[in-house]
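Have a look at input.txt; it's compact mmCIF, C-alpha atoms:
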# COMPACT_ATOMS: atom_id res chain seq x y z
CA LEU A 172 0.96 248.32 214.44
CA TYR A 173 3.79 246.04 215.51
CA ARG A 174 6.37 248.17 213.75
CA HIS A 175 5.42 251.25 215.73
CA GLY A 176 5.00 249.42 219.05
CA VAL A 177 1.30 250.22 219.47
CA GLU A 178 0.34 246.59 219.96
CA GLU A 179 3.09 246.10 222.53
CA ALA A 180 2.20 249.28 224.41
CA LEU A 181 -1.46 248.32 224.57
CA ALA A 182 -0.60 244.86 225.88
CA VAL A 183 1.58 246.29 228.66
CA ALA A 184 -1.06 248.89 229.50
CA ALA A 185 -3.63 246.10 229.75
CA VAL A 186 -1.49 244.35 232.38
CA VAL A 187 -1.17 247.53 234.44
CA LEU A 188 -4.87 248.35 234.21
CA LEU A 189 -5.84 244.78 235.08
CA ALA A 190 -3.65 244.96 238.20
CA PHE A 191 -5.35 248.19 239.29
CA SER A 192 -8.75 246.70 238.54
CA ALA A 193 -8.03 243.64 240.67
CA ALA A 194 -6.99 245.81 243.60
CA GLU A 195 -10.08 247.99 243.24
CA ALA A 196 -12.36 244.95 242.98
CA ALA A 197 -10.84 243.49 246.14
CA ARG A 198 -11.30 246.79 247.95
CA ALA A 199 -14.88 247.24 246.78
CA SER A 200 -15.81 243.72 247.87
CA GLY A 201 -14.52 244.41 251.38
CA LEU A 202 -11.80 241.78 251.08
CA GLY A 203 -9.29 242.25 253.88
CA THR A 204 -6.98 245.24 254.14
CA TYR A 205 -4.43 247.02 252.00
CA ARG A 206 -2.16 243.96 252.01
CA GLU A 207 -4.90 241.77 250.53
CA TRP A 208 -5.64 244.38 247.87
CA THR A 209 -1.97 244.54 246.96
CA MET A 210 -1.81 240.76 246.84
CA ALA A 211 -4.76 240.61 244.45
CA SER A 212 -3.11 243.25 242.26
CA LEU A 213 0.21 241.37 242.16
CA LEU A 214 -1.44 238.05 241.34
CA ALA A 215 -3.45 239.61 238.54
CA ALA A 216 -0.36 241.33 237.13
CA SER A 217 1.60 238.08 237.30
CA LEU A 218 -1.03 236.06 235.46
CA ALA A 219 -1.56 238.80 232.89
CA GLY A 220 2.19 239.11 232.36
CA VAL A 221 2.46 235.41 231.61
CA GLY A 222 -0.45 235.71 229.19
CA VAL A 223 1.18 238.62 227.36
CA TYR A 224 4.42 236.69 227.07
CA ARG A 225 2.64 233.62 225.73
CA ARG A 226 0.77 235.70 223.17
CA TYR A 227 3.35 238.29 222.08
CA GLY A 228 6.68 236.84 223.24
CA LEU A 229 7.68 239.89 225.31
CA VAL A 230 10.43 238.60 227.58
CA TYR A 231 10.28 241.55 229.96
CA SER A 232 6.59 240.80 230.50
CA ALA A 233 7.51 237.33 231.77
CA VAL A 234 10.22 238.84 233.97
CA GLY A 235 7.67 241.25 235.42
CA ALA A 236 5.33 238.34 236.05
CA MET A 237 8.05 236.56 238.04
CA VAL A 238 8.78 239.67 240.07
CA CYS A 239 5.10 240.24 240.87
CA ALA A 240 4.67 236.62 241.94
CA ALA A 241 7.76 236.87 244.17
CA LEU A 242 6.41 240.04 245.81
CA VAL A 243 3.25 238.27 246.97
CA PRO A 244 4.93 236.59 250.02
CA PHE A 245 6.01 240.02 251.26
CA GLN A 246 2.34 240.79 251.86
CA PHE A 247 1.98 237.94 254.38
CA HIS A 248 2.02 238.65 258.12
CA VAL A 249 5.11 236.52 258.73
CA THR A 250 8.75 237.14 259.57
CA ASP A 251 11.16 238.60 257.06
CA ALA A 252 12.99 235.28 256.84
CA VAL A 253 9.80 233.45 255.85
CA GLN A 254 8.91 236.13 253.31
CA ARG A 255 12.32 235.91 251.68
CA SER A 256 12.26 232.12 251.74
CA LEU A 257 8.90 232.01 249.97
CA ALA A 258 10.08 234.55 247.40
CA ALA A 259 13.18 232.42 246.85
CA VAL A 260 10.93 229.41 246.26
CA VAL A 261 9.05 231.37 243.58
CA PHE A 262 12.25 232.36 241.79
CA GLY A 263 13.67 228.87 242.24
CA ALA A 264 10.61 227.30 240.66
CA ALA A 265 10.80 229.78 237.79
CA PHE A 266 14.48 228.94 237.34
CA ALA A 267 13.76 225.20 237.23
CA VAL A 268 10.99 225.62 234.64
CA THR A 269 12.88 228.01 232.38
CA ARG A 270 16.11 226.03 232.61
CA ALA A 271 14.37 222.82 231.60
CA ALA A 272 12.79 224.63 228.65
CA HIS A 273 16.13 226.17 227.65
CA LEU A 274 17.87 222.80 227.72
CA ARG A 275 15.06 221.32 225.63
CA TYR A 276 15.05 223.98 222.90
CA GLY A 277 18.72 225.00 222.97
CA ASP A 278 19.83 228.39 221.70
CA ASP A 279 17.22 228.63 218.95
CA PHE A 280 13.84 230.30 219.48
CA PRO A 281 12.21 230.00 221.94
CA GLY A 282 15.27 228.66 223.73
CA ASP A 283 16.97 232.06 223.66
CA ASP A 284 13.99 233.58 225.47
CA TYR A 285 14.13 230.87 228.11
CA ALA A 286 17.86 231.53 228.53
CA ASN A 287 17.13 235.17 229.40
CA LEU A 288 14.32 234.15 231.75
CA GLN A 289 16.61 231.61 233.40
CA ALA A 290 19.20 234.31 234.04
CA ALA A 291 16.55 236.71 235.36
CA SER A 292 15.15 234.13 237.78
CA CYS A 293 18.66 233.33 239.00
CA ALA A 294 19.26 237.02 239.68
CA GLY A 295 15.94 237.27 241.52
CA LEU A 296 16.80 234.27 243.67
CA TYR A 297 20.06 235.91 244.67
CA LEU A 298 18.53 239.32 245.33
CA VAL A 299 15.93 238.06 247.81
CA LEU A 300 18.51 235.99 249.70
CA ASN A 301 21.26 238.61 250.02
CA LEU A 302 20.38 240.46 253.22
CA HIS A 303 23.15 243.04 252.93
CA LEU A 304 22.69 244.02 249.31
CA THR A 305 21.18 247.36 250.31
CA ASP A 306 24.30 248.17 252.34
CA VAL A 307 26.07 249.22 249.15
CA ILE A 308 23.67 252.17 249.05
CA SER A 309 24.53 254.54 251.85
CA TRP A 310 21.02 255.88 252.38
CA THR A 311 19.39 252.52 253.14
CA PRO A 312 19.42 250.58 256.42
CA GLY A 313 21.40 247.41 257.04
CA ALA A 314 20.21 243.82 257.08
CA PRO A 315 16.74 243.16 258.52
CA PRO A 316 16.58 241.31 261.84
CA VAL A 317 16.41 237.59 261.09
CA ALA A 318 17.22 234.39 262.94
CA THR A 319 20.88 233.40 263.06
CA PRO A 320 20.46 230.14 261.05
CA PHE A 321 18.74 231.99 258.21
CA TYR A 322 21.36 234.73 258.31
CA TRP A 323 24.26 232.33 257.74
CA THR A 324 22.26 230.26 255.28
CA SER A 325 21.72 233.38 253.19
CA TYR A 326 25.44 234.14 253.48
CA ALA A 327 26.27 230.71 252.10
CA ALA A 328 23.72 231.24 249.32
CA THR A 329 25.44 234.47 248.25
CA TRP A 330 28.50 232.39 247.41
CA LEU A 331 26.83 229.24 246.11
CA VAL A 332 24.36 230.88 243.69
CA PRO A 333 26.97 232.86 241.70
CA ALA A 334 29.36 229.89 241.72
CA ALA A 335 26.69 227.53 240.40
CA ALA A 336 25.57 230.07 237.80
CA LEU A 337 29.12 230.62 236.55
CA ALA A 338 29.87 226.90 236.45
CA ALA A 339 26.73 226.14 234.44
CA ALA A 340 27.25 229.13 232.15
CA VAL A 341 30.85 228.21 231.31
CA ARG A 342 29.97 224.56 230.79
CA GLU A 343 27.02 225.34 228.51
CA LYS A 344 28.38 228.58 226.99
CA ASP A 345 25.28 230.38 228.23
CA ARG A 346 25.94 234.09 227.72
CA PRO A 347 22.99 235.58 229.70
CA LEU A 348 23.66 233.32 232.68
CA LEU A 349 27.39 234.09 232.48
CA THR A 350 26.71 237.83 232.60
CA VAL A 351 24.37 237.45 235.56
CA GLY A 352 26.82 235.16 237.34
CA ILE A 353 29.63 237.70 237.04
CA VAL A 354 27.43 240.51 238.36
CA LEU A 355 26.23 238.37 241.28
CA ALA A 356 29.80 237.38 242.12
CA LEU A 357 30.73 241.07 242.30
CA CYS A 358 27.75 241.69 244.59
CA THR A 359 28.98 238.88 246.84
CA LEU A 360 32.42 240.44 247.10
CA VAL A 361 30.89 243.82 247.92
CA THR A 362 28.57 242.46 250.63
CA ASN A 363 31.05 240.02 252.19
CA LYS A 364 32.36 242.48 254.78
CA PRO A 365 28.91 243.60 255.99
CA TYR A 366 27.90 239.95 256.38
CA LEU A 367 30.94 239.21 258.53
CA GLY A 368 30.58 242.43 260.51
CA TRP A 369 33.90 243.81 259.34
CA THR A 370 34.45 247.54 259.06
CA ARG A 371 34.44 248.82 255.51
CA GLN A 372 37.39 250.99 254.60
CA SER A 373 37.65 253.79 252.08
CA TRP A 374 40.24 251.82 250.10
CA ASP A 375 38.02 248.76 249.64
CA PRO A 376 36.77 249.82 246.17
CA MET A 377 40.35 250.47 245.09
CA ILE A 378 41.47 247.00 246.17
CA LEU A 379 38.46 245.44 244.45
CA GLY A 380 39.22 247.37 241.28
CA VAL A 381 42.85 246.22 241.29
CA LEU A 382 41.78 242.59 241.78
CA LEU A 383 39.23 242.80 238.98
CA ALA A 384 41.66 244.48 236.59
CA GLY A 385 44.37 241.95 237.40
CA GLY A 386 41.97 239.04 236.98
CA ALA A 387 40.70 240.41 233.66
CA LEU A 388 44.25 240.87 232.32
CA ALA A 389 45.29 237.38 233.43
CA LEU A 390 42.19 235.83 231.86
CA ARG A 391 42.74 237.72 228.61
CA ARG A 392 46.37 236.63 228.38
CA TRP A 393 45.37 233.03 229.09
CA LEU A 394 42.73 233.08 226.34
CA ASP A 395 45.05 234.79 223.85
CA ALA A 396 47.72 232.16 224.51
CA GLY A 397 45.42 229.38 223.29
CA PRO A 398 45.12 228.08 219.72
CA ASN A 399 43.67 230.81 217.48
CA SER A 400 43.41 233.03 220.58
CA GLN A 401 40.66 230.91 222.09
CA ARG A 402 40.14 228.12 224.57
CA GLY A 403 37.13 225.85 224.55
CA GLY A 404 35.18 228.23 222.34
CA PHE A 405 35.88 231.29 224.51
CA THR A 406 37.82 234.27 223.18
CA ALA A 407 38.71 237.71 224.48
CA ALA A 408 38.25 239.30 221.05
CA PRO A 409 35.18 241.58 220.78
CA ILE A 410 33.23 239.79 218.05
CA LEU A 411 29.83 241.40 218.63
CA THR A 412 29.00 245.05 218.01
CA ARG A 413 26.63 245.13 220.97
CA ASP A 414 29.58 244.35 223.25
CA ARG A 415 31.18 247.63 222.25
CA ASP A 416 27.92 249.46 222.88
CA ILE A 417 27.60 247.93 226.36
CA LEU A 418 31.20 248.78 227.25
CA SER A 419 30.73 252.33 225.99
CA ALA A 420 27.60 252.75 228.11
CA LEU A 421 29.38 251.35 231.18
CA ALA A 422 32.32 253.68 230.65
CA THR A 423 30.00 256.67 230.37
CA ALA A 424 28.12 255.66 233.51
CA SER A 425 31.39 255.14 235.39
CA VAL A 426 32.66 258.60 234.48
CA ALA A 427 29.32 260.18 235.40
CA TRP A 428 29.23 258.42 238.77
CA HIS A 429 32.87 259.29 239.48
CA ALA A 430 32.19 262.96 238.78
CA ARG A 431 29.05 262.84 240.92
CA GLY A 432 30.92 261.34 243.85
CA HIS A 433 33.55 264.10 243.80
CA GLU A 434 31.29 267.10 243.50
CA PRO A 435 32.16 269.65 246.19
CA PRO A 436 29.41 270.15 248.75
CA PRO A 437 27.33 273.28 248.21
CA HIS A 438 28.45 276.27 250.24
CA ASP A 439 26.13 278.71 251.92
CA ALA A 440 26.07 282.14 250.36
CA PRO A 441 28.14 284.69 252.33
CA PRO A 442 26.09 287.07 254.44
CA SER A 443 25.18 290.29 252.70
CA ASP A 444 25.47 293.72 254.26
CA PHE A 445 22.04 294.45 252.85
CA ALA A 446 20.33 291.47 254.48
CA GLY A 447 17.33 292.33 256.62
CA GLY A 448 16.52 295.59 254.86
CA ARG A 449 12.94 296.76 254.83
CA SER A 450 10.99 297.88 251.82
CA GLY A 451 12.07 301.34 250.77
CA GLY A 452 15.05 301.39 253.13
CA ALA A 453 17.60 299.93 250.68
CA GLY A 454 19.07 297.89 253.53
CA GLY A 455 19.01 300.78 255.89
CA GLY A 456 17.61 298.63 258.68
CA ALA A 457 20.45 296.07 258.56
CA GLY A 458 23.08 297.61 260.75
CA TYR A 459 23.15 301.02 259.12
Target encoding structure tokens, full file:
Amino acid sequence: LYRHGVEEALAVAAVVLLAFSAAEAARASGLGTYREWTMASLLAASLAGVGVYRRYGLVYSAVGAMVCAALVPFQFHVTDAVQRSLAAVVFGAAFAVTRAAHLRYGDDFPGDDYANLQAASCAGLYLVLNLHLTDVISWTPGAPPVATPFYWTSYAATWLVPAAALAAAVREKDRPLLTVGIVLALCTLVTNKPYLGWTRQSWDPMILGVLLAGGALALRRWLDAGPNSQRGGFTAAPILTRDRDILSALATASVAWHARGHEPPPHDAPPSDFAGGRSGGAGGGAGY
């Protein structure tokens, strides 16, 4: 069963069905409105996700449990700032618990699972605090209306969270947290202009790309110049096969997105001399 994933699929399906059952039970009992039903569903999914992780060790189940728990505050009738603050508290608590467990067990099982959960909770904390993250997607609105103190507090958090994650990851050689820290730092650079109210220019991605490429080359040369092409246990040499797979997937996605962004807009078909013809007239009613 485990080899073919049946046990795992049934466990995940049980979480989904339990969430739907909780919402239906809340609705049938006349408990509140749609928000309360959604809250009951999220709480049930969160508890069930934790149970599945404890029983089967599925890391993504624990990540889903964290996400469901963090979505509960968004069902409260409070301001957006309060909702995001409560969600940040949920992710912060998850980060504290998983980090303590990771430091206790180290890199061996189950410490490696806690390392991934620590990185996921750090990413969740950043995502709920960055008000302009959706600005990188052209079809979504800008930052929600929030009080000025919370706005600038969230701006400071977009710099502090990646910096703290990178510092801890480098000090402890924590690969999942290092990957998340780099991604969050890139998100901070992308959302810096919207936060400050500066106009974004068409050449901004080009400048960012040049800075990233230059930084990567400088870092690689610095690592290669060290003893045995390493410094403090870090090396630029690709020593894991999965690194090549990830880079290959990123390259493919980059090419696909580049081609998508430069597709010419569809043109309307030129008008036909036979447009407007009636049945049997072979276009005879269209200007003939």
Distance query A:Ala314 at most 12 Å, only C-alpha atoms, self and fewer than 5 positions along chain excluded, as a list of chain:residue names: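 Everything that qualifies: A:Asp251, A:Ala252, A:Val299, A:Leu300, A:Asn301, A:Leu302, A:His303, A:Leu304, A:Thr305, A:Asp306, A:Val307, A:Phe321, A:Tyr322, A:Ser325, A:Tyr326, A:Thr362, A:Pro365, A:Tyr366, A:Leu367, A:Gly368.
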Selection to disk with C-alpha atoms, as a PDB file, keeping the file's coordinate frame:
ATOM      1  CA  ASP A 251      11.160 238.600 257.060  1.00  0.00           C
ATOM      2  CA  ALA A 252      12.990 235.280 256.840  1.00  0.00           C
ATOM      3  CA  VAL A 299      15.930 238.060 247.810  1.00  0.00           C
ATOM      4  CA  LEU A 300      18.510 235.990 249.700  1.00  0.00           C
ATOM      5  CA  ASN A 301      21.260 238.610 250.020  1.00  0.00           C
ATOM      6  CA  LEU A 302      20.380 240.460 253.220  1.00  0.00           C
ATOM      7  CA  HIS A 303      23.150 243.040 252.930  1.00  0.00           C
ATOM      8  CA  LEU A 304      22.690 244.020 249.310  1.00  0.00           C
ATOM      9  CA  THR A 305      21.180 247.360 250.310  1.00  0.00           C
ATOM     10  CA  ASP A 306      24.300 248.170 252.340  1.00  0.00           C
ATOM     11  CA  VAL A 307      26.070 249.220 249.150  1.00  0.00           C
ATOM     12  CA  PHE A 321      18.740 231.990 258.210  1.00  0.00           C
ATOM     13  CA  TYR A 322      21.360 234.730 258.310  1.00  0.00           C
ATOM     14  CA  SER A 325      21.720 233.380 253.190  1.00  0.00           C
ATOM     15  CA  TYR A 326      25.440 234.140 253.480  1.00  0.00           C
ATOM     16  CA  THR A 362      28.570 242.460 250.630  1.00  0.00           C
ATOM     17  CA  PRO A 365      28.910 243.600 255.990  1.00  0.00           C
ATOM     18  CA  TYR A 366      27.900 239.950 256.380  1.00  0.00           C
ATOM     19  CA  LEU A 367      30.940 239.210 258.530  1.00  0.00           C
ATOM     20  CA  GLY A 368      30.580 242.430 260.510  1.00  0.00           C
TER      21      GLY A 368
END
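Each of A:Val249, A:Leu202, A:Ala216, A:Leu348 was checked against A:Ala184 using all atoms listed in the file; the smallest atom-to-atom distance is that of A:Ala216.
We find atom CA of A:His248 and atom CA of A:Ala197 to be spaced 18.2 Å apart.
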Compare A:Ser400, A:Tyr224, A:Leu242, A:Leu213 by their minimum atom-to-atom distance to A:Gln254, counting only C-alpha atoms, and give me the closest one. A:Leu242
Would you pick out the contacts of stretch 335-342 of chain A at 8 Å or less, using all atoms listed in the file, so that residues sharing its chain but fewer than 5 positions from it are not included, and give the list as an MDAnalysis selection string? chainID A and resid 293 348:349 351:353
How many Å lie between atom CA of A:Ala396 and atom CA of A:Leu357, rounded to one decimal? 26.2 Å
List the neighbours of A:Ala272 out to 10 Å using only C-alpha atoms; skip same-chain residues closer than 4 positions along the sequence, and give me the result as an mmCIF file with C-alpha atoms, keeping the file's coordinate frame.
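Dumped to part-v1.cif:
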data_model
loop_
_atom_site.group_PDB
_atom_site.id
_atom_site.type_symbol
_atom_site.label_atom_id
_atom_site.label_comp_id
_atom_site.auth_asym_id
_atom_site.auth_seq_id
_atom_site.Cartn_x
_atom_site.Cartn_y
_atom_site.Cartn_z
ATOM 1 C CA PHE A 266 14.480 228.940 237.340
ATOM 2 C CA ALA A 267 13.760 225.200 237.230
ATOM 3 C CA VAL A 268 10.990 225.620 234.640
ATOM 4 C CA TYR A 276 15.050 223.980 222.900
ATOM 5 C CA GLY A 277 18.720 225.000 222.970
ATOM 6 C CA PRO A 281 12.210 230.000 221.940
ATOM 7 C CA GLY A 282 15.270 228.660 223.730
ATOM 8 C CA ASP A 283 16.970 232.060 223.660
ATOM 9 C CA ASP A 284 13.990 233.580 225.470
ATOM 10 C CA TYR A 285 14.130 230.870 228.110
ATOM 11 C CA ALA A 286 17.860 231.530 228.530
ATOM 12 C CA GLN A 289 16.610 231.610 233.400
#
Write out as a list of chain:residue names which residues come within 8 Å of A:Ala291 when counting all atoms listed in the file, dropping same-chain ones fewer than 3 positions away.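 Answer for this query is A:Val234, A:Asn287, A:Leu288, A:Ala294, A:Gly295, A:Val351.
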Counting all atoms listed in the file, write as a list in words all protein and nucleic acid residues lying at most 8 Å from (-3.2, 247.5, 248.0) in the file's frame. Ala194, Thr204, Tyr205, Arg206, Glu207, Trp208, Thr209, Met210, Ala211 and Ser212 of chain A
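Rounded to one decimal, atom CA of A:Arg198 and atom CA of A:Ala265 lie 29.7 Å from each other.
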Would you kindly return, as a list in words, each protein, DNA or RNA residue with an atom no farther than 12 Å from any atom of A:Val187, considering only C-alpha atoms and excluding same-chain residues fewer than 3 positions away?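 Once the adjacent positions are removed, what remains is Ala180, Leu181, Ala182, Val183, Ala184, Ala190, Phe191, Ser192, Ala193, Ala194, Ser212, Leu213, Leu214, Ala215, Ala216, Ser217, Leu218, Ala219, Gly220, Val223, Ser232, Gly235, Ala236 and Cys239 of chain A.
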